[in-house]
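Enquirer: A single structure is presented below for examination.
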Amino acid sequence: MNQTVSPPSGPSNDAINSPFNQTNWTALSANFQHAVAIDSDGYPWTWGMNQSGQLGLDDQNSSKYTSPKRIGVVSKVTSVATGTRHTLLINGDGDIWGAGQNTFGALGGGEQGKSGPLYALQRIDLANTQGKWTAIYSKRDLSIGKLEDGSWWAWGKNDLGAVGCGTTDAIIDKPMRIFAASRNIVQVSAGVDMAAAIDSEGRLYVWGDNRENQITAITGVDTNGKPVNTPRQANFNQGKWLHVAVGATHGIAMDANRQVYAWGRGKVGQLGLGDDQTWVQGTPQKILQLPDASLIKSCIALEANALNSGIILEMSDGSRKLYVWGSNGYGEATASMQGNVLYATTPTIPSNASSLSKWFALQPGYFFSTALAPN
């Protein structure tokens with residue numbers, strides 16, 4: 001769905017709202033039309049659309065919340081993930097809790113939630129039979145989680161192989177293990193019908209939808225557009241990758257030299273390569289408009305969704321810079337509608353973002369972006 005929807009024909013200043021003034025949030029997840037944040041006490045706060053109960057507030061009458069509201073069912077939350085119309089949380093006991101729509105199995109609970117949306121946040125019993133969870137990621141209807149023993153598991157929409165379990169069965173409604181223990185995966189990115197991971201040796205893996213050659217471009221494996229249903233290792237910059245993020249038709253990654261590359265298709269500028277670079281089918285291309293690698297100390301966050309990409313960089317002087325690019329129909333890249341720029345085709349510092357120097361979280365949603373910095 002995100003792939004075929006174009007940005008609005010005309011921008012509106014009414015679409016840009018002031019940030020919610022919360023001073024103790026420590027983590028954030030945003031996807032499609034809702035978001036969830038965690039405060040320093042481990043309590044989750046949620047806002048946005050609620051037509052399928054994805055906010056977990058046990059409210060079937062309110063289709064949306066325009067300001068954050070605390071979910072009172074769980075505490076000591078350590079990880080949060082949001083999808084199209086679902087939310088997943090991990091509490092202090094290592095249990096996954098979920099709310100919202102489970103049409104494609106993204107909650108990981110088998111039949112739990114299949115008969116109708118979960119409007120109240122519930123413990124996902126089937127997923128929790130695997131053990132204690134330490135991390136959770138989601139985008140669209142794909143979910144990926146990490147257990148206490150270091151193993152990685154995936155579930156959800158799989159008709160294009162995004163679960164990575166060796167099949168293209170349309171729905172995988174319970175956690176399936178991906179990667180052998182020997183791989184020692186240290187980072188994953190759940191995308192829209194695709195996913196990626198990096199192991200402790202700096203090897204990069206991608207899998208899922210390949211209709212725009214977004215898998216072929218980084219692995220060199222030509223499938224004639226057919227899905228890749230198991231992880232494939234990248235054949236570019238082998239053993240040198242530090243961070244990766246994938247959207248629907250594209251991917252971005254930073255290597256050990258602190259260079260950021262993009263590949264795949266980016267019709268609305270999400271590659272960050274400029275107006276004339278909307279499809280990278282061959283070798284991944286370096287994003288030249290970011291600061292020189294010699295000025296970069298580390299990457300704090302690297303994120304992508306179907307229509308946008310973003311990064312938080314820690315500079316050698318200790319400051320941090322926030323960049324967003326791609327769709328900008330509602331100011332989601334530039335945080336401004338001056339000039340009526342519908343696409344930001346190169347990395348852009350959002351309006352007023354330079355006034356904060358310690359950004360630590362970034363999440364692009366659907367025609368909106370969210371980020372956290374100390375007050």
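Convention: chains lettered A, B, ... in structure tokens order; per-chain residue numbering from 1; ligands numbered from 1 as shown.
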Can you pull out the residues contacting Leu147 of chain A? Cut-off 8 Å, using only C-alpha atoms, and skip same-chain residues under 3 positions away; I want them as a list in words.

Expert: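 Listing them by chain and then by number gives Gln130, Gly131, Lys132, Trp133, Thr134, Ala135, Gly150, Ser151, Trp152 and Trp153 of chain A.
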
Enquirer: List every residue of segment 98-135 of chain A that DSSP, applied to the backbone of this structure, assigns to strand (DSSP E), and report them as a PyMOL selection string.

Expert: chain A and resi 98-100+118-123+133-135

Enquirer: Please provide the set of residues having any atom within 12 Å of Cys165 of chain A, restricted to only C-alpha atoms, with same-chain residues fewer than 5 positions apart removed, written as a ChimeraX atom specification.

Expert: /A:144,152-160,170-172,174-180,195,207-208,228-231

Enquirer: If we count only C-alpha atoms, what is near Asp41 of chain A at a cut-off of 10 Å, once residues fewer than 3 positions away on the same chain are taken out, given as a ChimeraX atom specification?

Expert: /A:24-26,38,44,75-77

Enquirer: Out of A:Thr249, A:Pro284, A:Tyr343, A:Leu273, which residue has the shortest atom-to-atom distance to Thr219 of chain A when counting only C-alpha atoms?

Expert: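 Between A:Thr249, A:Pro284, A:Tyr343, A:Leu273, the residue approaching Thr219 of chain A most closely is A:Pro284.
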
Enquirer: Need the shell around Met315 of chain A: protein/DNA/RNA residues with any atom at most 7 Å away, counting only C-alpha atoms. Skip same-chain ones fewer than 4 positions apart. Format as a compact mmCIF listing (two decimals) with N, CA and C atoms, in the first residue's frame?

Expert:
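And here's part-v6.txt as it stands now:
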```txt
# COMPACT_ATOMS: atom_id res chain seq x y z
N LEU A 295 34.40 13.71 9.65
CA LEU A 295 33.76 14.54 10.66
C LEU A 295 32.77 13.75 11.51
N ILE A 296 32.54 12.49 11.16
CA ILE A 296 31.54 11.67 11.83
C ILE A 296 32.21 10.74 12.84
N LYS A 297 31.70 10.75 14.06
CA LYS A 297 32.21 9.85 15.09
C LYS A 297 31.45 8.53 15.07
N SER A 319 28.61 16.98 18.98
CA SER A 319 27.24 17.36 18.63
C SER A 319 26.59 16.25 17.79
N ARG A 320 25.29 16.33 17.64
CA ARG A 320 24.56 15.35 16.83
C ARG A 320 23.72 16.07 15.78
```

Enquirer: Ala361 of chain A: which residues within 8 Å, counting only C-alpha atoms, same-chain residues fewer than 2 positions away excluded, as an MDAnalysis selection string?

Expert: chainID A and resid 27:28 300:301 312 359 363 371:373

Enquirer: Quick one: residues within 9 Å of segment 236-243 of chain A, only C-alpha atoms, excluding same-chain residues fewer than 2 positions away - as a PyMOL selection string?

Expert: chain A and resi 187-188+197-204+218-220+233-234+245+252-258+283-284+299+301-302

Enquirer: Go ahead and compute the interatomic distance for atom CA of Ala120 of chain A and atom CA of Gly247 of chain A, in Å to one decimal.

Expert: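 Value for the atom CA of Ala120 of chain A-atom CA of Gly247 of chain A distance: 28.7 Å.
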